[in-house]
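Below is model.cif, which holds mmCIF, C-alpha atoms.
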```cif
data_my_file
#
loop_
_atom_site.group_PDB
_atom_site.id
_atom_site.type_symbol
_atom_site.label_atom_id
_atom_site.label_comp_id
_atom_site.auth_asym_id
_atom_site.auth_seq_id
_atom_site.Cartn_x
_atom_site.Cartn_y
_atom_site.Cartn_z
ATOM 1 C CA MET A 289 49.578 6.643 117.922
ATOM 2 C CA ASN A 290 46.424 6.352 120.035
ATOM 3 C CA PHE A 291 45.811 9.083 122.585
ATOM 4 C CA ALA A 292 43.649 7.220 125.184
ATOM 5 C CA GLU A 293 42.412 4.181 123.267
ATOM 6 C CA ASN A 294 39.080 5.830 122.522
ATOM 7 C CA LEU A 295 40.424 9.170 121.251
ATOM 8 C CA LEU A 296 42.382 9.045 118.021
ATOM 9 C CA SER A 297 43.447 12.514 116.925
ATOM 10 C CA LEU A 298 42.974 16.229 117.466
ATOM 11 C CA LYS A 299 40.921 17.718 114.639
ATOM 12 C CA LYS A 300 40.527 21.346 115.704
ATOM 13 C CA VAL A 301 41.544 23.968 118.240
ATOM 14 C CA MET A 302 39.513 27.145 117.750
ATOM 15 C CA LEU A 303 38.416 30.188 119.734
ATOM 16 C CA TYR A 304 34.761 31.165 119.957
ATOM 17 C CA THR A 305 32.901 34.234 121.228
ATOM 18 C CA ALA A 306 29.145 34.066 121.802
ATOM 19 C CA PRO A 307 27.069 36.853 120.217
ATOM 20 C CA ALA A 308 25.964 39.592 122.611
ATOM 21 C CA ASP A 309 22.447 40.015 121.194
ATOM 22 C CA ARG A 310 21.238 36.397 121.278
ATOM 23 C CA ASN A 311 22.111 32.926 122.474
ATOM 24 C CA PRO A 312 24.380 31.009 120.112
ATOM 25 C CA VAL A 313 22.956 28.054 118.190
ATOM 26 C CA PRO A 314 23.590 24.815 120.119
ATOM 27 C CA TYR A 315 25.105 21.942 118.170
ATOM 28 C CA MET A 316 24.666 18.208 118.611
ATOM 29 C CA ILE A 317 27.905 16.257 118.778
ATOM 30 C CA PRO A 318 27.942 13.696 115.947
ATOM 31 C CA GLU A 319 29.268 10.160 116.074
ATOM 32 C CA ASN A 320 33.004 9.637 116.304
ATOM 33 C CA LEU A 321 33.709 13.037 117.859
ATOM 34 C CA HIS A 322 34.387 14.420 121.344
ATOM 35 C CA VAL A 323 34.203 18.193 121.773
ATOM 36 C CA VAL A 324 35.740 20.044 124.710
ATOM 37 C CA GLU A 325 34.666 23.638 125.355
ATOM 38 C CA MET A 326 36.708 25.455 128.009
ATOM 39 C CA LEU A 327 35.436 28.857 129.135
ATOM 40 C CA THR A 328 37.949 31.686 128.810
ATOM 41 C CA GLY A 329 35.540 34.454 129.837
ATOM 42 C CA GLY A 330 31.927 35.476 130.394
ATOM 43 C CA GLU A 331 29.370 33.132 131.923
ATOM 44 C CA VAL A 332 27.208 30.159 130.936
ATOM 45 C CA TYR A 333 24.087 28.680 132.541
ATOM 46 C CA PHE A 334 24.142 24.896 132.339
ATOM 47 C CA GLY A 335 21.882 22.146 133.660
ATOM 48 C CA SER A 336 18.144 21.536 133.543
ATOM 49 C CA GLY A 337 15.214 23.264 135.246
ATOM 50 C CA SER A 338 16.006 24.469 138.750
ATOM 51 C CA GLU A 339 19.312 22.602 138.607
ATOM 52 C CA LYS A 340 20.911 25.177 136.292
ATOM 53 C CA ARG A 341 24.123 26.662 137.604
ATOM 54 C CA THR A 342 26.346 29.526 136.495
ATOM 55 C CA TYR A 343 29.791 28.638 135.161
ATOM 56 C CA ARG A 344 32.685 30.975 134.409
ATOM 57 C CA ARG A 345 36.293 31.100 133.256
ATOM 58 C CA GLY A 346 38.159 27.835 133.692
ATOM 59 C CA THR A 347 35.104 25.545 133.430
ATOM 60 C CA ILE A 348 35.649 22.542 131.153
ATOM 61 C CA PHE A 349 32.658 21.046 129.304
ATOM 62 C CA TRP A 350 33.422 17.625 127.811
ATOM 63 C CA HIS A 351 30.816 16.574 125.225
ATOM 64 C CA VAL A 352 30.389 13.130 123.649
ATOM 65 C CA PRO A 353 28.139 12.101 120.713
ATOM 66 C CA GLY A 354 24.527 13.062 121.381
ATOM 67 C CA ASP A 355 25.410 15.891 123.788
ATOM 68 C CA MET A 356 24.692 19.527 122.938
ATOM 69 C CA THR A 357 27.274 22.292 123.008
ATOM 70 C CA ILE A 358 26.831 25.072 125.562
ATOM 71 C CA PHE A 359 24.608 27.968 124.546
ATOM 72 C CA ASP A 360 22.686 29.520 127.486
ATOM 73 C CA THR A 361 24.730 32.635 128.184
ATOM 74 C CA SER A 362 24.429 36.056 129.803
ATOM 75 C CA ARG A 363 23.541 39.066 127.670
ATOM 76 C CA SER A 364 25.809 41.258 129.803
ATOM 77 C CA GLU A 365 28.690 38.752 129.812
ATOM 78 C CA PRO A 366 28.518 36.512 126.698
ATOM 79 C CA TYR A 367 30.826 33.579 127.120
ATOM 80 C CA ARG A 368 34.099 32.996 125.302
ATOM 81 C CA CYS A 369 35.700 29.596 124.983
ATOM 82 C CA ILE A 370 38.426 27.576 123.351
ATOM 83 C CA VAL A 371 37.095 24.558 121.453
ATOM 84 C CA PHE A 372 38.950 21.237 121.056
ATOM 85 C CA GLN A 373 37.615 18.525 118.739
ATOM 86 C CA PHE A 374 38.944 14.969 119.061
ATOM 87 C CA ALA A 375 38.160 12.152 116.645
ATOM 88 C CA ALA A 376 36.885 9.191 118.685
ATOM 89 C CA GLN A 377 36.073 5.530 118.169
ATOM 90 C CA THR A 378 33.081 5.442 120.530
ATOM 91 C CA ALA A 379 30.803 7.696 122.589
ATOM 92 C CA GLU A 380 32.313 6.412 125.843
ATOM 93 C CA ARG A 381 33.057 9.219 128.302
ATOM 94 C CA VAL A 382 36.670 9.661 129.330
ATOM 95 C CA ALA A 383 36.017 12.634 131.643
ATOM 96 C CA PRO A 384 33.126 14.263 133.572
ATOM 97 C CA ARG A 385 30.685 16.375 131.538
ATOM 98 C CA VAL A 386 31.592 19.422 133.662
ATOM 99 C CA SER A 387 34.885 20.009 135.451
ATOM 100 C CA SER A 388 37.353 22.849 135.908
ATOM 101 C CA TRP A 389 40.913 23.967 135.322
ATOM 102 C CA ARG A 390 43.079 23.246 138.342
ATOM 103 C CA GLY A 391 45.968 25.639 137.987
ATOM 104 C CA SER A 392 47.046 29.250 138.068
ATOM 105 C CA HIS A 393 45.700 32.050 135.888
ATOM 106 C CA GLU A 394 49.102 32.318 134.236
ATOM 107 C CA ALA A 395 49.201 28.586 133.403
ATOM 108 C CA PHE A 396 45.663 28.817 132.050
ATOM 109 C CA GLU A 397 46.560 31.728 129.747
ATOM 110 C CA ASP A 398 49.734 29.969 128.643
ATOM 111 C CA PHE A 399 47.868 26.755 127.787
ATOM 112 C CA ILE A 400 45.334 28.618 125.638
ATOM 113 C CA ARG A 401 47.978 30.636 123.853
ATOM 114 C CA GLN A 402 50.260 27.658 123.242
ATOM 115 C CA THR A 403 47.631 25.196 122.039
ATOM 116 C CA HIS A 404 45.807 27.649 119.800
ATOM 117 C CA SER A 405 49.019 28.655 118.032
ATOM 118 C CA ALA A 406 50.695 25.232 118.073
ATOM 119 C CA PHE A 407 47.722 23.534 116.412
ATOM 120 C CA PHE A 408 47.646 26.093 113.613
ATOM 121 C CA PHE A 409 51.367 25.893 112.918
ATOM 122 C CA SER A 410 51.503 22.076 113.092
ATOM 123 C CA ALA A 411 48.494 21.469 110.832
ATOM 124 C CA ASN A 412 50.597 20.391 107.841
ATOM 125 C CA THR A 413 53.151 18.392 109.815
ATOM 126 C CA PRO A 414 51.714 14.997 110.868
ATOM 127 C CA GLN A 415 54.292 14.223 113.563
ATOM 128 C CA GLN A 416 53.958 17.649 115.171
ATOM 129 C CA SER A 417 50.170 17.391 114.968
ATOM 130 C CA LYS A 418 50.303 14.136 116.939
ATOM 131 C CA ILE A 419 52.476 15.751 119.598
ATOM 132 C CA VAL A 420 50.159 18.754 119.907
ATOM 133 C CA GLY A 421 47.125 16.477 120.071
ATOM 134 C CA ALA A 422 48.675 14.293 122.764
ATOM 135 C CA TYR A 423 49.602 17.376 124.786
ATOM 136 C CA CYS A 424 46.120 18.925 124.551
ATOM 137 C CA LEU A 425 44.372 15.700 125.491
ATOM 138 C CA SER A 426 46.656 14.822 128.396
ATOM 139 C CA GLU A 427 46.527 18.340 129.870
ATOM 140 C CA LEU A 428 42.731 18.554 129.580
ATOM 141 C CA LEU A 429 42.298 15.104 131.117
ATOM 142 C CA MET A 430 44.640 15.938 133.995
ATOM 143 C CA HIS A 431 42.430 18.894 134.928
ATOM 144 C CA ALA A 432 39.072 17.273 134.130
ATOM 145 C CA LEU A 433 39.915 14.216 136.246
ATOM 146 C CA SER A 434 41.303 16.378 139.100
ATOM 147 C CA LEU A 435 44.785 14.910 138.746
ATOM 148 C CA LYS A 436 46.421 18.324 138.478
ATOM 149 C CA ASN A 437 47.643 20.292 141.519
ATOM 150 C CA LEU A 438 46.455 17.718 144.019
ATOM 151 C CA ASP A 439 47.990 19.758 146.839
ATOM 152 C CA GLY A 440 45.383 22.450 146.143
ATOM 153 C CA LYS A 441 47.906 25.204 145.434
ATOM 154 C CA SER A 442 47.525 27.839 142.724
ATOM 155 C CA ILE A 443 43.942 26.912 141.834
ATOM 156 C CA ILE A 444 42.025 29.516 139.819
ATOM 157 C CA GLY A 445 40.178 31.681 142.316
ATOM 158 C CA GLN A 446 42.767 31.286 145.097
ATOM 159 C CA THR A 447 43.988 34.527 146.696
ATOM 160 C CA PRO A 448 47.102 35.609 144.750
ATOM 161 C CA GLN A 449 50.215 37.480 145.877
ATOM 162 C CA ALA A 450 50.484 41.282 145.508
ATOM 163 C CA ASP A 451 52.491 41.256 142.253
ATOM 164 C CA GLU A 452 50.104 38.701 140.766
ATOM 165 C CA VAL A 453 47.171 40.995 141.537
ATOM 166 C CA VAL A 454 48.950 43.875 139.790
ATOM 167 C CA LEU A 455 49.724 41.676 136.776
ATOM 168 C CA ARG A 456 46.136 40.431 136.531
ATOM 169 C CA ASN A 457 44.881 44.008 136.531
ATOM 170 C CA ILE A 458 47.312 44.820 133.727
ATOM 171 C CA LEU A 459 46.245 41.751 131.727
ATOM 172 C CA MET A 460 42.576 42.589 132.206
ATOM 173 C CA TYR A 461 43.149 46.164 131.070
ATOM 174 C CA ILE A 462 45.045 44.983 127.979
ATOM 175 C CA GLU A 463 42.337 42.459 127.064
ATOM 176 C CA ASN A 464 39.607 45.098 127.416
ATOM 177 C CA ASN A 465 41.498 47.762 125.458
ATOM 178 C CA LEU A 466 43.118 45.974 122.516
ATOM 179 C CA ALA A 467 41.839 48.667 120.147
ATOM 180 C CA GLY A 468 43.480 51.453 122.132
ATOM 181 C CA ASP A 469 46.945 52.776 122.916
ATOM 182 C CA LEU A 470 48.811 50.013 124.748
ATOM 183 C CA SER A 471 52.297 51.473 124.603
ATOM 184 C CA SER A 472 54.348 51.095 127.770
ATOM 185 C CA ALA A 473 54.096 54.854 128.342
ATOM 186 C CA ALA A 474 50.294 54.816 128.036
ATOM 187 C CA LEU A 475 49.929 51.759 130.304
ATOM 188 C CA SER A 476 52.284 53.252 132.882
ATOM 189 C CA GLU A 477 50.315 56.484 133.002
ATOM 190 C CA LYS A 478 46.878 54.844 132.966
ATOM 191 C CA LEU A 479 47.612 52.147 135.549
ATOM 192 C CA LYS A 480 50.030 54.200 137.670
ATOM 193 C CA ILE A 481 52.754 51.574 137.380
ATOM 194 C CA PRO A 482 56.413 52.445 136.621
ATOM 195 C CA ARG A 483 57.498 51.232 133.205
ATOM 196 C CA ASN A 484 60.378 49.160 134.598
ATOM 197 C CA LYS A 485 57.906 47.328 136.877
ATOM 198 C CA LEU A 486 55.658 46.642 133.871
ATOM 199 C CA PHE A 487 58.553 45.059 132.001
ATOM 200 C CA ASN A 488 59.698 43.071 135.054
ATOM 201 C CA LEU A 489 56.244 41.614 135.748
ATOM 202 C CA PHE A 490 55.928 40.209 132.229
ATOM 203 C CA SER A 491 59.442 38.808 132.339
ATOM 204 C CA LYS A 492 59.035 37.278 135.813
ATOM 205 C CA PHE A 493 55.571 35.738 135.559
ATOM 206 C CA LEU A 494 54.969 35.211 131.839
ATOM 207 C CA ASP A 495 58.498 34.819 130.488
ATOM 208 C CA THR A 496 57.768 37.252 127.663
ATOM 209 C CA THR A 497 57.973 40.946 126.879
ATOM 210 C CA LEU A 498 55.131 43.424 127.199
ATOM 211 C CA LEU A 499 55.186 44.111 123.460
ATOM 212 C CA ASP A 500 55.191 40.429 122.488
ATOM 213 C CA TYR A 501 52.309 39.727 124.864
ATOM 214 C CA ILE A 502 50.195 42.572 123.460
ATOM 215 C CA ASN A 503 50.897 41.519 119.882
ATOM 216 C CA GLU A 504 49.962 37.938 120.701
ATOM 217 C CA LYS A 505 46.710 39.028 122.367
ATOM 218 C CA ARG A 506 45.832 41.188 119.363
ATOM 219 C CA PHE A 507 46.404 38.292 116.982
ATOM 220 C CA GLU A 508 44.456 36.007 119.322
ATOM 221 C CA GLN A 509 41.560 38.456 119.297
ATOM 222 C CA ALA A 510 41.763 38.723 115.511
ATOM 223 C CA ARG A 511 41.625 34.953 115.126
ATOM 224 C CA ARG A 512 38.711 34.714 117.575
ATOM 225 C CA LEU A 513 36.715 37.322 115.657
ATOM 226 C CA LEU A 514 37.519 35.721 112.307
ATOM 227 C CA GLU A 515 36.594 32.273 113.625
ATOM 228 C CA SER A 516 33.358 33.213 115.362
ATOM 229 C CA SER A 517 31.814 36.180 113.550
ATOM 230 C CA ASP A 518 31.054 37.604 110.121
ATOM 231 C CA MET A 519 32.376 41.001 111.128
ATOM 232 C CA PRO A 520 34.027 42.859 108.203
ATOM 233 C CA ILE A 521 37.794 42.435 108.218
ATOM 234 C CA LYS A 522 38.263 46.210 108.444
ATOM 235 C CA GLU A 523 36.320 46.198 111.733
ATOM 236 C CA VAL A 524 38.289 43.204 112.999
ATOM 237 C CA ALA A 525 41.503 45.116 112.316
ATOM 238 C CA ALA A 526 40.271 48.177 114.191
ATOM 239 C CA LEU A 527 39.089 46.186 117.220
ATOM 240 C CA CYS A 528 42.499 44.528 117.416
ATOM 241 C CA GLY A 529 44.432 47.787 117.478
ATOM 242 C CA PHE A 530 45.431 48.058 113.824
ATOM 243 C CA GLU A 531 44.815 51.582 112.567
ATOM 244 C CA HIS A 532 44.999 50.552 108.902
ATOM 245 C CA VAL A 533 43.520 47.362 107.463
ATOM 246 C CA GLU A 534 46.481 47.058 105.084
ATOM 247 C CA VAL A 535 48.878 46.856 108.040
ATOM 248 C CA PHE A 536 46.645 44.243 109.652
ATOM 249 C CA HIS A 537 46.567 42.222 106.432
ATOM 250 C CA ARG A 538 50.363 42.243 106.044
ATOM 251 C CA SER A 539 50.951 41.455 109.707
ATOM 252 C CA PHE A 540 48.442 38.598 109.671
ATOM 253 C CA VAL A 541 49.947 37.034 106.545
ATOM 254 C CA LYS A 542 53.452 37.329 108.033
ATOM 255 C CA ARG A 543 52.331 35.718 111.293
ATOM 256 C CA PHE A 544 50.068 32.948 109.949
ATOM 257 C CA ASN A 545 51.019 32.597 106.277
ATOM 258 C CA SER A 546 47.365 33.132 105.396
ATOM 259 C CA THR A 547 45.188 36.118 104.575
ATOM 260 C CA PRO A 548 42.470 36.971 107.125
ATOM 261 C CA LYS A 549 39.816 36.050 104.547
ATOM 262 C CA ASN A 550 41.283 32.613 103.829
ATOM 263 C CA TYR A 551 41.836 31.969 107.519
ATOM 264 C CA ARG A 552 38.165 32.688 108.217
ATOM 265 C CA LEU A 553 37.024 30.274 105.501
ATOM 266 C CA GLN A 554 39.105 27.450 106.963
ATOM 267 C CA ALA A 555 38.605 28.061 110.669
ATOM 268 C CA LEU A 556 34.903 27.853 111.523
ATOM 269 C CA PRO A 557 34.872 25.903 114.835
ATOM 270 C CA TYR A 558 31.433 24.249 114.594
ATOM 271 C CA GLN A 559 31.029 23.733 110.858
ATOM 272 C CA ASP A 560 31.245 19.925 111.221
ATOM 273 C CA LEU A 561 28.474 19.730 113.825
ATOM 274 C CA ILE A 562 24.686 19.647 113.568
ATOM 275 C CA GLY A 563 23.019 22.925 114.533
ATOM 276 C CA GLN A 564 19.826 22.840 116.586
ATOM 277 C CA ASN A 565 17.471 25.822 116.787
ATOM 278 C CA SER A 566 16.098 24.580 120.093
ATOM 279 C CA LEU A 567 16.692 21.823 122.611
#
```
Before anything else, please render the file you have as structure tokens.
Amino acid sequence: MNFAENLLSLKKVMLYTAPADRNPVPYMIPENLHVVEMLTGGEVYFGSGSEKRTYRRGTIFWHVPGDMTIFDTSRSEPYRCIVFQFAAQTAERVAPRVSSWRGSHEAFEDFIRQTHSAFFFSANTPQQSKIVGAYCLSELLMHALSLKNLDGKSIIGQTPQADEVVLRNILMYIENNLAGDLSSAALSEKLKIPRNKLFNLFSKFLDTTLLDYINEKRFEQARRLLESSDMPIKEVAALCGFEHVEVFHRSFVKRFNSTPKNYRLQALPYQDLIGQNSL
């Protein structure tokens, strides 16, 4: 099953967070590989000389063999991204080097959550892996080639409706406070939003519950930290809202059928690429 003649299979879907104290090491894309880095937060400076521009959430960088991964980031807002690696027959470009997500914030979040989890859970099932790979590639190409939302509606950055603004503020607060108390009572008091409205917003816009969303974000954060840092697992647990590392360990094994330590060993996003200390 070929995914676009040139692209053969999806090898990895991993989350990455750039270090706050230094620029990350750039990597050269080797032969027979395309790497897509899509920003999920922070900012990146990309280009050459005076042509450098600032890119933020929703930007898609599509790298082919010989290209370098992104690395020039802000100290105050280190970038975060989701990384897709596709096995390829040639270095031929199938999409622009830089493009952007053309859809709503909610669709963007849903795509990241779905693909990151689906790839992990389909890794040992060849047929499911092909389906996940085809989905990731087609969705990324639709946005990169500007074939998505051609009517211009619901593009990231467009002025949202009132309830969407409230929901985005809630989501931002949750993402920035995963280590804290995120009970419905605490969120209601902190954000001055009735609990029933909290529940309704998640049901209406995200088709999930508040608790399930928070748990998913905590596991997503845990996987990101395990994939992109050497932070002690006890610290990872604390930053993800688990008071006791033992509870984190049990919950992680139940969710992913792998210990945090083993997951880290298997999930390094750039281990197959060639690191460069300078361009």
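Coordinates place atom CA of Tyr304 of chain A at a distance of 10.4 Å from atom CA of Gly329 of chain A.
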Go through A:Met356, A:Ala306, A:Leu479, A:Lys485 and flag the residue nearest Thr497 of chain A, using only C-alpha atoms for the distances.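 Answer, going by the shortest atom-to-atom distance: A:Lys485.
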Specify as an MDAnalysis selection string each residue included when the PyMOL selection byres ((chain A and resi 331-348) around 7) is applied to this file. chainID A and resid 324:330 349:350 360:362 365:367 386:389 432
Excluding Ala395 of chain A and its own-chain neighbours fewer than 3 positions away, which residues fall within 10 Å of it when counting all atoms listed in the file? Please give them as a ChimeraX atom specification. /A:389-392,398-401,442,444,493-494
Between A:Arg385, A:Arg483, A:Lys549, A:Arg538, smallest distance to Leu498 of chain A by only C-alpha atoms belongs to A:Arg483
Going by the chain IDs and residue numbers used in this file, which residues fall under the PyMOL selection byres ((chain A and resi 530-533) around 12)? Write them as JSON, numbers by chain. {"A": [466, 467, 468, 469, 470, 503, 506, 507, 509, 510, 520, 521, 522, 523, 524, 525, 526, 527, 528, 529, 534, 535, 536, 537, 538, 539, 540, 547, 548]}
Surrounding residues of Arg363 of chain A excluding itself and chain neighbours under 3 positions, 9 Å, all atoms listed in the file, as a ChimeraX atom specification: /A:307-311,366
Dump of C-alpha atoms for the selected residues, as a JSON list (two decimals), in the frame of the given file:
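For reference, selection_27.json as written:
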```json
[["chain", "number", "residue", "atom", "x", "y", "z"],
["A", 307, "PRO", "CA", 27.07, 36.85, 120.22],
["A", 308, "ALA", "CA", 25.96, 39.59, 122.61],
["A", 309, "ASP", "CA", 22.45, 40.02, 121.19],
["A", 310, "ARG", "CA", 21.24, 36.40, 121.28],
["A", 311, "ASN", "CA", 22.11, 32.93, 122.47],
["A", 366, "PRO", "CA", 28.52, 36.51, 126.70]]
```
Can you work out which one of A:Phe374, A:Phe408, A:Phe490, A:Tyr558 has the shortest atom-to-atom distance to Glu508 of chain A, counting all atoms listed in the file?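 Closest residue, counting all atoms listed in the file: A:Phe408.
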By how many Å are atom CA of Phe409 of chain A and atom CA of Thr357 of chain A apart?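 Pair atom CA of Phe409 of chain A / atom CA of Thr357 of chain A returns 26.4 Å.
From atom CA of Leu433 of chain A back to atom CA of Pro384 of chain A, the distance works out to 7.3 Å.
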From A:Ala375, A:Leu455, A:Val323, A:Met519, residue lying nearest Glu394 of chain A [all atoms listed in the file]: A:Leu455
Neighbouring residues of Leu459 of chain A were defined as those with any atom within 10 Å, considering only C-alpha atoms; residues of the same chain fewer than 6 positions away were excluded. Please report them as a list in words. Val453, Asn465, Phe490, Tyr501, Ile502 and Lys505 of chain A
From the set A:Pro314, A:Gly421, A:Pro353, A:Pro482, which residue has the shortest atom-to-atom contact distance to Val301 of chain A, counting all atoms listed in the file? A:Gly421
Would you please work out which residue, of A:Val420, A:Ala473, A:Ile358, A:Leu489, is nearest to Lys300 of chain A when using all atoms listed in the file?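 Among the listed residues, A:Val420 lies closest to Lys300 of chain A.
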Could you name the residues that touch Leu295 of chain A at 12 Å or less, counting all atoms listed in the file, but leaving out those on the same chain fewer than 3 positions away, as a list in words?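 Result of the neighbour search: Met289, Asn290, Phe291, Ala292, Leu298, Lys299, Asn320, Leu321, His322, Val323, Val352, Gln373, Phe374, Ala375, Ala376, Gln377, Thr378, Ala379, Glu380, Arg381, Val382, Ala383, Lys418, Gly421, Ala422, Cys424, Leu425, Ser426 and Leu429 of chain A.
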Which centre and edge lengths in Å to one decimal define the box along x, y and z that fits every listed atom of segment 513-523 of chain A plus 6 Å per side, as AutoDock Vina command-line options?
```
--center_x 34.7 --center_y 39.2 --center_z 111.9 --size_x 19.2 --size_y 25.9 --size_z 19.5
```
